[in-house]
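What's in final11.txt: compact mmCIF, C-alpha atoms
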```
# COMPACT_ATOMS: atom_id res chain seq x y z
CA MET A 1 109.76 24.02 0.77
CA GLU A 2 109.46 25.61 4.17
CA LYS A 3 106.13 25.03 5.88
CA PRO A 4 104.02 28.22 5.97
CA LYS A 5 103.73 29.95 9.31
CA PRO A 6 100.36 29.85 11.13
CA LEU A 7 99.89 33.58 10.56
CA THR A 8 100.45 33.14 6.82
CA GLN A 9 98.00 30.24 6.66
CA ALA A 10 95.40 32.27 8.56
CA ALA A 11 95.86 35.22 6.19
CA LYS A 12 95.44 32.97 3.16
CA ALA A 13 92.32 31.38 4.65
CA LEU A 14 90.84 34.79 5.43
CA ALA A 15 91.57 36.05 1.91
CA LEU A 16 89.98 32.92 0.43
CA VAL A 17 86.86 33.34 2.57
CA VAL A 18 86.53 36.98 1.56
CA VAL A 19 86.84 36.11 -2.14
CA VAL A 20 84.28 33.30 -1.84
CA LEU A 21 81.85 35.63 -0.07
CA LEU A 22 82.32 38.33 -2.70
CA VAL A 23 81.40 35.77 -5.36
CA CYS A 24 78.67 33.79 -3.60
CA VAL A 25 76.73 36.46 -1.73
CA PRO A 26 75.66 38.46 -4.83
CA PHE A 27 74.61 35.25 -6.55
CA LEU A 28 72.68 34.16 -3.45
CA VAL A 29 70.92 37.54 -3.37
CA ILE A 30 69.93 37.17 -7.02
CA VAL A 31 68.55 33.64 -6.53
CA SER A 32 66.77 34.59 -3.29
CA THR A 33 65.19 37.65 -4.86
CA SER A 34 63.92 35.56 -7.76
CA LEU A 35 62.31 33.14 -5.27
CA ALA A 36 60.73 35.84 -3.09
CA SER A 37 57.30 37.37 -3.54
CA GLN A 38 57.03 40.83 -5.04
CA ARG A 39 55.68 42.26 -1.75
CA GLU A 40 58.64 40.85 0.19
CA VAL A 41 61.04 42.37 -2.33
CA VAL A 42 59.40 45.77 -1.95
CA ASP A 43 59.42 45.54 1.85
CA ASN A 44 63.17 44.75 1.83
CA GLY A 45 64.11 47.63 -0.45
CA GLY A 46 64.43 45.64 -3.68
CA TRP A 47 66.71 42.78 -2.57
CA VAL A 48 66.20 39.67 -0.45
CA LEU A 49 69.03 37.69 1.13
CA TRP A 50 66.82 34.82 2.33
CA PRO A 51 63.15 34.58 1.30
CA GLN A 52 60.66 33.89 4.10
CA ASP A 53 58.14 32.22 1.81
CA PRO A 54 59.94 30.96 -1.34
CA THR A 55 57.87 30.69 -4.48
CA LEU A 56 58.56 29.74 -8.11
CA GLN A 57 55.90 32.07 -9.45
CA ALA A 58 58.46 34.28 -11.25
CA TYR A 59 59.88 31.26 -13.09
CA ARG A 60 56.38 30.05 -13.98
CA ASP A 61 55.52 33.46 -15.40
CA ILE A 62 58.55 33.70 -17.67
CA LEU A 63 58.63 30.04 -18.76
CA ASP A 64 54.91 29.77 -19.47
CA GLY A 65 55.42 30.51 -23.18
CA GLY A 66 56.21 33.91 -24.65
CA ILE A 67 59.32 36.04 -24.77
CA VAL A 68 61.83 34.37 -22.45
CA THR A 69 61.00 30.83 -23.55
CA HIS A 70 61.46 31.78 -27.21
CA ALA A 71 64.70 33.64 -26.42
CA LEU A 72 65.99 30.66 -24.43
CA GLY A 73 65.42 28.40 -27.43
CA VAL A 74 67.18 30.89 -29.71
CA SER A 75 70.21 31.09 -27.41
CA ALA A 76 70.40 27.31 -27.02
CA GLY A 77 70.16 26.74 -30.78
CA VAL A 78 72.72 29.41 -31.65
CA THR A 79 75.10 28.12 -28.96
CA VAL A 80 74.92 24.47 -30.02
CA VAL A 81 75.07 25.07 -33.78
CA GLY A 82 77.63 27.86 -33.51
CA THR A 83 79.93 25.89 -31.21
CA LEU A 84 79.87 22.82 -33.46
CA LEU A 85 80.53 24.86 -36.62
CA SER A 86 83.24 26.95 -34.97
CA LEU A 87 84.99 23.89 -33.55
CA THR A 88 84.87 22.11 -36.91
CA CYS A 89 86.27 25.09 -38.85
CA THR A 90 88.86 25.96 -36.21
CA VAL A 91 90.12 22.37 -35.90
CA THR A 92 90.47 21.83 -39.65
CA LEU A 93 92.18 25.18 -40.25
CA ALA A 94 94.48 24.80 -37.23
CA TYR A 95 95.48 21.29 -38.34
CA ALA A 96 96.27 22.51 -41.85
CA LEU A 97 98.37 25.40 -40.54
CA ALA A 98 100.15 23.13 -38.06
CA ARG A 99 101.46 20.70 -40.66
CA PRO A 100 104.84 21.57 -42.19
CA GLY A 101 105.08 22.09 -45.92
CA VAL A 102 101.43 23.07 -46.51
CA PHE A 103 101.18 25.23 -49.62
CA GLY A 104 100.41 28.83 -48.65
CA GLY A 105 100.32 28.02 -44.97
CA LYS A 106 102.53 30.86 -43.76
CA PRO A 107 100.82 33.65 -45.81
CA VAL A 108 97.41 32.43 -44.63
CA LEU A 109 98.59 32.41 -41.02
CA LEU A 110 99.92 35.97 -41.39
CA LEU A 111 96.59 37.12 -42.82
CA ILE A 112 94.74 35.54 -39.92
CA LEU A 113 97.04 37.17 -37.37
CA PHE A 114 96.58 40.50 -39.16
CA THR A 115 92.83 40.32 -38.53
CA PHE A 116 93.59 39.65 -34.87
CA LEU A 117 95.75 42.77 -34.58
CA PHE A 118 93.50 44.99 -36.72
CA PRO A 119 89.87 43.88 -36.31
CA PRO A 120 87.18 45.49 -38.48
CA GLY A 121 84.95 48.13 -36.98
CA MET A 122 81.23 47.98 -36.29
CA ILE A 123 80.17 49.74 -39.51
CA PRO A 124 82.19 47.48 -41.89
CA ASN A 125 80.79 44.45 -40.07
CA PHE A 126 77.24 45.71 -40.43
CA LEU A 127 77.69 46.55 -44.12
CA LEU A 128 79.16 43.09 -44.79
CA VAL A 129 76.28 41.34 -43.02
CA LYS A 130 73.79 43.49 -44.91
CA GLU A 131 75.37 42.82 -48.32
CA LEU A 132 75.40 39.08 -47.61
CA GLY A 133 71.66 39.19 -46.86
CA LEU A 134 72.07 38.00 -43.28
CA LEU A 135 70.10 40.76 -41.54
CA ASP A 136 67.36 39.42 -39.25
CA SER A 137 68.87 35.95 -39.64
CA TYR A 138 70.39 33.75 -36.94
CA ALA A 139 73.33 33.14 -39.28
CA SER A 140 74.40 36.74 -38.56
CA LEU A 141 75.21 35.66 -34.99
CA ILE A 142 77.44 32.79 -36.14
CA LEU A 143 79.13 33.40 -39.49
CA PRO A 144 80.87 36.75 -38.69
CA VAL A 145 82.51 35.21 -35.59
CA LEU A 146 82.87 31.65 -36.82
CA ILE A 147 86.62 31.40 -36.12
CA ASN A 148 88.32 33.07 -33.18
CA VAL A 149 92.00 33.78 -33.85
CA PHE A 150 93.08 33.15 -30.25
CA ASN A 151 91.40 29.74 -30.22
CA LEU A 152 92.94 28.97 -33.60
CA VAL A 153 96.45 29.79 -32.35
CA VAL A 154 95.97 27.65 -29.23
CA LEU A 155 94.82 24.62 -31.24
CA ARG A 156 97.57 25.09 -33.84
CA ALA A 157 100.21 25.14 -31.11
CA PHE A 158 98.68 22.06 -29.52
CA PHE A 159 98.63 20.16 -32.82
CA GLN A 160 102.27 21.07 -33.42
CA GLY A 161 103.14 19.31 -30.16
CA VAL A 162 101.87 15.94 -31.38
CA PRO A 163 104.94 13.70 -31.96
CA GLU A 164 105.91 13.48 -35.62
CA GLU A 165 106.50 9.74 -35.24
CA LEU A 166 102.74 9.22 -34.93
CA PHE A 167 102.15 10.91 -38.29
CA GLU A 168 104.89 8.84 -39.92
CA ALA A 169 103.45 5.60 -38.55
CA ALA A 170 99.99 6.55 -39.78
CA ARG A 171 101.36 7.35 -43.24
CA LEU A 172 103.04 3.94 -43.39
CA ASP A 173 99.67 2.34 -42.62
CA GLY A 174 98.12 4.23 -45.52
CA ALA A 175 96.13 6.78 -43.51
CA GLY A 176 95.20 10.05 -45.17
CA ASP A 177 95.08 13.49 -43.60
CA LEU A 178 91.44 13.23 -42.57
CA ARG A 179 91.90 9.85 -40.93
CA VAL A 180 95.05 11.04 -39.13
CA LEU A 181 93.12 14.03 -37.81
CA LEU A 182 90.13 11.99 -36.66
CA MET A 183 91.90 8.91 -35.33
CA ILE A 184 95.14 10.30 -33.91
CA VAL A 185 95.20 14.06 -33.44
CA LEU A 186 91.72 14.68 -32.01
CA PRO A 187 91.83 11.88 -29.38
CA LEU A 188 95.13 13.33 -28.14
CA SER A 189 93.71 16.86 -28.02
CA LYS A 190 90.66 16.37 -25.81
CA ALA A 191 91.86 18.91 -23.25
CA ALA A 192 92.43 21.66 -25.79
CA LEU A 193 89.18 20.88 -27.62
CA ALA A 194 87.19 20.99 -24.37
CA VAL A 195 88.62 24.39 -23.42
CA VAL A 196 88.22 25.91 -26.89
CA GLY A 197 84.72 24.48 -27.18
CA LEU A 198 83.78 26.03 -23.84
CA PHE A 199 85.21 29.38 -24.94
CA TYR A 200 83.07 29.27 -28.06
CA ALA A 201 79.96 28.16 -26.17
CA VAL A 202 80.29 30.93 -23.57
CA ALA A 203 80.84 33.53 -26.31
CA TYR A 204 77.76 32.43 -28.25
CA TRP A 205 75.62 32.13 -25.12
CA ASN A 206 76.56 35.58 -23.80
CA ALA A 207 76.39 37.37 -27.17
CA TRP A 208 73.88 40.20 -27.23
CA PHE A 209 75.51 43.13 -29.07
CA TYR A 210 75.32 41.63 -32.57
CA ALA A 211 71.74 40.55 -31.88
CA SER A 212 70.81 44.16 -31.15
CA LEU A 213 72.36 45.21 -34.47
CA TYR A 214 71.20 42.48 -36.83
CA LEU A 215 67.96 41.00 -35.41
CA GLU A 216 64.44 42.23 -34.82
CA SER A 217 63.14 42.05 -31.25
CA ASP A 218 61.03 38.92 -31.88
CA HIS A 219 64.22 37.02 -32.80
CA TRP A 220 66.40 38.18 -29.89
CA PRO A 221 68.42 35.64 -27.88
CA LEU A 222 68.17 35.39 -24.12
CA GLN A 223 71.00 37.78 -23.28
CA GLN A 224 69.46 40.63 -25.25
CA VAL A 225 66.10 40.00 -23.58
CA LEU A 226 67.91 39.94 -20.23
CA ARG A 227 69.52 43.30 -21.01
CA THR A 228 66.14 44.81 -21.85
CA TYR A 229 64.54 43.44 -18.68
CA VAL A 230 67.31 44.18 -16.18
CA ILE A 231 69.12 47.27 -17.48
CA ALA A 232 66.28 49.07 -19.24
CA GLY A 233 63.68 47.68 -16.82
CA THR A 234 61.07 47.48 -19.56
CA GLY A 235 58.99 44.73 -21.10
CA LEU A 236 58.85 43.48 -24.66
CA THR A 237 56.15 42.48 -27.08
CA ASP A 238 55.10 38.86 -26.58
CA THR A 239 55.77 36.81 -29.72
CA THR A 240 52.79 34.52 -29.08
CA THR A 241 50.06 37.02 -28.14
CA GLY A 242 51.36 40.19 -29.74
CA GLU A 243 50.63 42.10 -26.54
CA ALA A 244 53.12 44.42 -24.89
CA THR A 245 54.26 43.38 -21.44
CA VAL A 246 54.35 45.73 -18.50
CA ASN A 247 57.55 46.82 -16.80
CA ALA A 248 59.32 43.76 -15.46
CA PRO A 249 59.19 43.40 -11.64
CA GLN A 250 62.38 42.77 -9.69
CA THR A 251 61.56 39.09 -9.20
CA ILE A 252 61.11 38.59 -12.95
CA GLN A 253 64.38 40.37 -13.67
CA MET A 254 66.32 38.19 -11.24
CA ALA A 255 64.64 35.01 -12.50
CA VAL A 256 65.66 35.82 -16.07
CA LEU A 257 69.19 36.51 -14.83
CA VAL A 258 69.34 33.12 -13.09
CA ILE A 259 68.06 31.30 -16.19
CA ALA A 260 70.67 33.08 -18.33
CA THR A 261 73.53 32.22 -15.94
CA VAL A 262 72.87 28.70 -14.68
CA PRO A 263 73.29 26.68 -17.95
CA ILE A 264 76.88 27.81 -18.52
CA LEU A 265 77.58 27.68 -14.78
CA LEU A 266 76.64 24.00 -14.73
CA VAL A 267 79.06 23.19 -17.55
CA TYR A 268 82.19 24.60 -15.89
CA PRO A 269 82.68 21.91 -13.20
CA PHE A 270 82.80 19.16 -15.83
CA LEU A 271 85.44 20.95 -17.93
CA GLN A 272 87.47 22.57 -15.18
CA LYS A 273 90.07 19.79 -15.16
CA TYR A 274 90.91 20.54 -18.80
CA PHE A 275 91.59 24.27 -18.31
CA THR A 276 95.19 24.20 -17.11
CA LYS A 277 96.29 21.39 -19.40
CA GLY A 278 94.52 22.73 -22.47
CA VAL A 279 95.32 26.42 -22.33
CA LEU A 280 98.79 26.34 -20.79
CA THR A 281 100.01 23.60 -23.14
CA GLY A 282 99.00 25.65 -26.17
CA ALA A 283 100.45 28.82 -24.70
CA ILE A 284 103.81 27.23 -23.83
CA LYS A 285 104.25 25.59 -27.20
CA SER A 286 103.24 28.71 -29.15
```
Go ahead and render the structure in this file as structure tokens.
Amino acid sequence: MEKPKPLTQAAKALALVVVVLLVCVPFLVIVSTSLASQREVVDNGGWVLWPQDPTLQAYRDILDGGIVTHALGVSAGVTVVGTLLSLTCTVTLAYALARPGVFGGKPVLLLILFTFLFPPGMIPNFLLVKELGLLDSYASLILPVLINVFNLVVLRAFFQGVPEELFEAARLDGAGDLRVLLMIVLPLSKAALAVVGLFYAVAYWNAWFYASLYLESDHWPLQQVLRTYVIAGTGLTDTTTGEATVNAPQTIQMAVLVIATVPILLVYPFLQKYFTKGVLTGAIKS
């Protein structure tokens, strides 16, 4: 390939710098505002780019028991349990649909794809959750979205790419379907599993809409509490004292936003190397 001209390289570097600034500066403002004092925030018109006297008082206030701490535990529990259950169900179903000659495999796949093209509305979902007795239960945040069709299709395509000779060799050694899945297919599918698992984890961590429909306020996850603090700008009733909080200051709002963003942000660098291999392989083979 021809070496890029200096002007082209400079334009690419400038575009990259602009994109990085557009991403990093807002995040820096959020973190700086959460570390600034309330007086400094007011003096600077509501936002601080670099705090003069950083303090962790906002984080102490929200993590010292009460609403945000409880919501953080709810989000962490729902994310961990939901991701494990979703991965287990998606892997087993995708493996069954990927194997040739499975009884009823094609009709089941068509039914699954039908739900992807024509998803149910909000009212049917609510009525189903209500009839199943899942209202005000954390299961209502997991069971209705247990299997994502896109993730299922990606894993199915990935499993179909495993060489058939490996399955034949395992059969000759007397291995059953479960052992083949655990000992052969899953170790070869680490990239796809990492990507799909991250997709599930991000979806569960960021979920707030279903929580607003199915759960009472004392059971809300972190994202719904964040929405109430930041968008509505109001406080909630403390689950430990039963007292209503006052309107959340700007520093509290930004601190909650940082706490809600950082956990998933820290996971991405460790799984980034699997993105291209995991997603593109499934997409090409599908």
Identify the residues within 10 Å of coordinate (102.7, 19.5, -32.0) (same frame as the file), considering all atoms listed in the file, and give the answer as number ranges by chain.
-> A: 95, 98-99, 155-164, 185, 282, 285-286
With C-alpha atoms retained, export the selected residues as a PDB file, in the coordinates of the input.
```pdb
ATOM      1  CA  TYR A  95      95.480  21.290 -38.340  1.00  0.00           C
ATOM      2  CA  ALA A  98     100.150  23.130 -38.060  1.00  0.00           C
ATOM      3  CA  ARG A  99     101.460  20.700 -40.660  1.00  0.00           C
ATOM      4  CA  LEU A 155      94.820  24.620 -31.240  1.00  0.00           C
ATOM      5  CA  ARG A 156      97.570  25.090 -33.840  1.00  0.00           C
ATOM      6  CA  ALA A 157     100.210  25.140 -31.110  1.00  0.00           C
ATOM      7  CA  PHE A 158      98.680  22.060 -29.520  1.00  0.00           C
ATOM      8  CA  PHE A 159      98.630  20.160 -32.820  1.00  0.00           C
ATOM      9  CA  GLN A 160     102.270  21.070 -33.420  1.00  0.00           C
ATOM     10  CA  GLY A 161     103.140  19.310 -30.160  1.00  0.00           C
ATOM     11  CA  VAL A 162     101.870  15.940 -31.380  1.00  0.00           C
ATOM     12  CA  PRO A 163     104.940  13.700 -31.960  1.00  0.00           C
ATOM     13  CA  GLU A 164     105.910  13.480 -35.620  1.00  0.00           C
ATOM     14  CA  VAL A 185      95.200  14.060 -33.440  1.00  0.00           C
ATOM     15  CA  GLY A 282      99.000  25.650 -26.170  1.00  0.00           C
ATOM     16  CA  LYS A 285     104.250  25.590 -27.200  1.00  0.00           C
ATOM     17  CA  SER A 286     103.240  28.710 -29.150  1.00  0.00           C
TER      18      SER A 286
END
```
Tell me, in Å to one decimal, how far CA of Pro144 (chain A) is from CA of Trp205 (chain A).
-> 15.3 Å
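Here the question is which of A:Gln57, A:Thr79, A:Thr261, A:Gln253 gets nearest to Ala139 (chain A) using all atoms listed in the file, and that residue is A:Thr79.
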Neighbours of Thr251 (chain A) within 8 Å (all atoms listed in the file; same-chain residues fewer than 3 positions away dropped), as a short mmCIF file (atom, residue, chain, number, x, y, z; two decimals) with C-alpha atoms, in the frame of the given file?
```cif
data_model
loop_
_atom_site.label_atom_id
_atom_site.label_comp_id
_atom_site.auth_asym_id
_atom_site.auth_seq_id
_atom_site.Cartn_x
_atom_site.Cartn_y
_atom_site.Cartn_z
CA THR A 33 65.19 37.65 -4.86
CA SER A 34 63.92 35.56 -7.76
CA LEU A 35 62.31 33.14 -5.27
CA ALA A 36 60.73 35.84 -3.09
CA SER A 37 57.30 37.37 -3.54
CA GLN A 38 57.03 40.83 -5.04
CA VAL A 41 61.04 42.37 -2.33
CA ALA A 58 58.46 34.28 -11.25
CA MET A 254 66.32 38.19 -11.24
CA ALA A 255 64.64 35.01 -12.50
#
```
Of the listed residues A:Tyr229, A:Phe126, A:Tyr138, A:Tyr59, that which approaches Glu216 (chain A) most closely, counting all atoms listed in the file | A:Tyr138
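Nearest-residue note for Asp177 (chain A): choosing from A:Leu72, A:Ala96, A:Leu132, A:Leu226, the minimum distance belongs to A:Ala96, counting only C-alpha atoms.
CA of Ala94 (chain A) to CA of Asn148 (chain A) spans 11.1 Å [interatomic distance, one decimal].
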Residues at most 9 Å from Trp47 (chain A), counting all atoms listed in the file, excluding those fewer than 5 positions away in the same chain, as a compact mmCIF listing (two decimals) with C-alpha atoms, in the frame of the given file?
```
# COMPACT_ATOMS: atom_id res chain seq x y z
CA VAL A 29 70.92 37.54 -3.37
CA ILE A 30 69.93 37.17 -7.02
CA SER A 32 66.77 34.59 -3.29
CA THR A 33 65.19 37.65 -4.86
CA GLU A 40 58.64 40.85 0.19
CA VAL A 41 61.04 42.37 -2.33
CA VAL A 42 59.40 45.77 -1.95
CA GLN A 250 62.38 42.77 -9.69
```
Please enclose the listed atoms of region 71-90 of chain A in an axis-aligned box, pad each side by 8 Å, and write out the centre and the three edge lengths in Å, rounded to one decimal, as JSON.
```
{"center_x": 76.8, "center_y": 27.9, "center_z": -31.6, "size_x": 40.2, "size_y": 27.5, "size_z": 30.4}
```
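Between CA of Trp220 (chain A) and CA of Met122 (chain A) the interatomic distance comes to 18.9 Å.
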Neighbours of Leu63 (chain A) within 12 Å (all atoms listed in the file; same-chain residues fewer than 6 positions away dropped), as a PyMOL selection string?
-> chain A and resi 56-57+69-73+252+255-256+259
May I have the selected residues written with C-alpha atoms, as an mmCIF file, in the coordinates of the input?
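Generated file (part_5.cif):
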```
data_model
loop_
_atom_site.group_PDB
_atom_site.id
_atom_site.type_symbol
_atom_site.label_atom_id
_atom_site.label_comp_id
_atom_site.auth_asym_id
_atom_site.auth_seq_id
_atom_site.Cartn_x
_atom_site.Cartn_y
_atom_site.Cartn_z
ATOM 1 C CA LEU A 56 58.560 29.740 -8.110
ATOM 2 C CA GLN A 57 55.900 32.070 -9.450
ATOM 3 C CA THR A 69 61.000 30.830 -23.550
ATOM 4 C CA HIS A 70 61.460 31.780 -27.210
ATOM 5 C CA ALA A 71 64.700 33.640 -26.420
ATOM 6 C CA LEU A 72 65.990 30.660 -24.430
ATOM 7 C CA GLY A 73 65.420 28.400 -27.430
ATOM 8 C CA ILE A 252 61.110 38.590 -12.950
ATOM 9 C CA ALA A 255 64.640 35.010 -12.500
ATOM 10 C CA VAL A 256 65.660 35.820 -16.070
ATOM 11 C CA ILE A 259 68.060 31.300 -16.190
#
```
Could you name the residues that touch Ser137 (chain A) at 9 Å or less, counting all atoms listed in the file, but leaving out those on the same chain fewer than 3 positions away, as a list in words?
-> Gly133, Leu134, Ser140, Leu141, Tyr214, Leu215 and His219 of chain A
For the point (91.6, 36.1, -32.6) in the file's frame, write as a ChimeraX atom specification all residues with an atom no more than 9 Å away, counting only C-alpha atoms.
-> /A:112-113,115-117,119,147-153
Put those residues in a file: C-alpha atoms, as an mmCIF file, keeping the file's coordinate frame.
```
data_model
loop_
_atom_site.group_PDB
_atom_site.id
_atom_site.type_symbol
_atom_site.label_atom_id
_atom_site.label_comp_id
_atom_site.auth_asym_id
_atom_site.auth_seq_id
_atom_site.Cartn_x
_atom_site.Cartn_y
_atom_site.Cartn_z
ATOM 1 C CA ILE A 112 94.740 35.540 -39.920
ATOM 2 C CA LEU A 113 97.040 37.170 -37.370
ATOM 3 C CA THR A 115 92.830 40.320 -38.530
ATOM 4 C CA PHE A 116 93.590 39.650 -34.870
ATOM 5 C CA LEU A 117 95.750 42.770 -34.580
ATOM 6 C CA PRO A 119 89.870 43.880 -36.310
ATOM 7 C CA ILE A 147 86.620 31.400 -36.120
ATOM 8 C CA ASN A 148 88.320 33.070 -33.180
ATOM 9 C CA VAL A 149 92.000 33.780 -33.850
ATOM 10 C CA PHE A 150 93.080 33.150 -30.250
ATOM 11 C CA ASN A 151 91.400 29.740 -30.220
ATOM 12 C CA LEU A 152 92.940 28.970 -33.600
ATOM 13 C CA VAL A 153 96.450 29.790 -32.350
#
```
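All residues of protein, DNA or RNA that reach within 12 Å of region 265-267 of chain A, judged by only C-alpha atoms and not counting those fewer than 3 positions away in the chain, are Phe27, Ala194, Val195, Gly197, Leu198, Phe199, Ala201, Val202, Trp205, Val258, Ile259, Ala260, Thr261, Val262, Phe270, Leu271, Gln272 and Lys273 of chain A.
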So, counting all atoms listed in the file, which residue among A:Lys190, A:Leu146, A:Ala175, A:Trp208 is closest to Ser86 (chain A)?
-> A:Leu146
